[in-house]
Amino acid sequence: MAGNKLLPGYSFSPPKPAAGGKKQPLPEGLRKELDMLRSYSPAHERAAAASSFSDSAKKGSNIAEALPSLMDALQDEEVKIRIYASTAIFFSLTKFWSHPELVLPLSSALSDEDPDVRSYAVRSLGRLARKGNDHQEAMKAIINAMSDPDSGVRLYACRAVREACSREEVDILPAMDALHACMSDQNPRIRSEATTTIGKAAEDGIDISKMIPTLIASLTDSDASVRGVAADALKEAGKASAEAIKGFMPQIIAALKDKRLVRGAREKCIRLVGVADSKGVDISDAVPTLLEGISDPDASVRLASASALADAAKNHEHRKPIVLKMAELLASDSQEAQNLGLRVIEEMASKGIDVSDAPQAIGPIIAILAEDNSERLESAIKIVNSCFRSNFVGTRERLTKGIFEYITTASFAGEAERNSPKYVRAMKMFARVTDTMQQTEINMAKAGKEGA
């Protein structure tokens with residue numbers, strides 16, 4: 001064992017290899033460097049030796065035998081030696097990590113005057129915490145580093161907490177207050193890193209309710225990455241618990257209306273509204289904003305709005321304006337708008353939502369049955385089938401009437417049109433729909449008899 005000169009009572013022994021690994025000797029050529037590092041040679045020579053270990057560790061070499069000397073080197077008076085030693089230790093942890101003895105000297109290195117040494121020390125502690133090596137002590141040191149005067153150290157400290165999240169037994173709750181403080185850091189990279197870590201915590205089931213106001217404020221942060229990860233974190237909070245976002249829905253809706261909210265964050269917030277609705281949160285005030293989102297220049301926002309509206313339509317109060325808007329899209333000249341309206345109505349119909357509030361949507365849907373576009377055709381058939389399977393008599397009657405009116409329309413009156421491929425295809429599609437109608441009526445009649 002080798003004793004550390006500046007940490008009384010501390011001792012360190014070379015670590016055991018990870019599971020399945022074999023103990024390997026120091027790589028050829030580094031034996032001389034190890035002797036140099038331990039010697040009283042001039043500082044520049046010892047720094048060169050420490051640099052060799054740093055380079056070897058970066059390449060994945062096993063330098064476990066040198067770790068006791070590298071631990072001592074963390075206390076060297078020469079800053080370059082301390083930097084190289086901390087770098088070598090950090091990169092050595094990718095392969096050989098079974099050494100909780102490293103926590104104490106690395107924690108001590110967080111008091112180093114050089115920010116590079118502190119940065120590598122906190123990064124190493126993050127790896128140790130993730131691997132489960134005395135993670136509670138490592139986490140305490142990481143939390144302290146989150147208030148370091150150097151922004152790089154604070155950044156790596158936030159990242160270290162997130163890395164530790166990957167191990168279930170690591171308790172990151174003590175770090176939440178420090179992360180919350182970092183969400184208001186002057187450096188946008190730190191705000192983004194802290195917010196991302198909080199989102200990961202929410203994903204792992206940790207209650208982040210008290211941070212929601214800060215996350216909402218972050219939706220309009222001056223930095224785009226912060227806005228995006230704040231929206232992600234809010235979405236994770238909503239997935240975990242409706243109560244977590246229920247009281248903050250007015251602020252979320254207000255943020256959606258804010259012009260500073262970029263498209264990516266807007267899309268995620270709209271999806272958050274959809275999640276809230278699925279969990280029983282009242283989103284009535286958001287419906288007008290969702291309807292506006294259907295016309296957003298960004299396709300992802302339009303799709304997110306469409307999905308949220310299809311869910312919101314389950315509420316009778318919301319259904320009519322939503323269906324009317326979709327009918328408006330179906331009647332537009334833009335095929336993209338038609339497809340979006342078709343998608344929402346298809347999703348509504350599949351959920352058993354009555355679309356008879358907008359009879360003007362029935363005509364365009366029936367017309368699609370005679371189109372060449374197979375994808376749109378399938379959507380229209382799904383809508384018709386869903387409507388006939390529903391209990392809404394008005395919807396079935398309108399569809400039945402519309403289908404047979406379309407079959408006998410003037411466009412197919414002439415013999416030439418009746419022999420056209422379009423007419424033949426249309427008749428096949430109508431026959432398919434009619435079969436579904438008939439089978440549905442039979443099934444409903446059977447169900448009625450059985451119920452009686």
# chains A, B, ... in the order shown; residues from 1 in each chain; ligands from 1

$ residues_around --residues "Val287 (chain A)" --least-positions-apart "4" --cutoff "9 Å" --atoms "only C-alpha atoms" --output "ChimeraX atom specification"
/A:283,291-292,308-309,312,318,322

$ select_by_dssp --residues "region 194-306 of chain A" --states "helix (DSSP H, G or I)" --output "PyMOL selection string"
chain A and resi 194-203+209-218+224-240+242-246+249-257+263-278+284-293+299-306

$ atom_distance --atom1 "CA of Lys59 (chain A)" --atom2 "CA of Phe91 (chain A)"
8.5 Å

$ closest_residue --among "A:Ala138, A:Ile89, A:Ala178, A:Leu272" --to "Leu104 (chain A)" --atoms "only C-alpha atoms"
A:Ala138

$ residues_around --residues "Ser278 (chain A)" --least-positions-apart "4" --cutoff "9 Å" --atoms "only C-alpha atoms" --output "ChimeraX atom specification"
/A:242,273-274,311-312
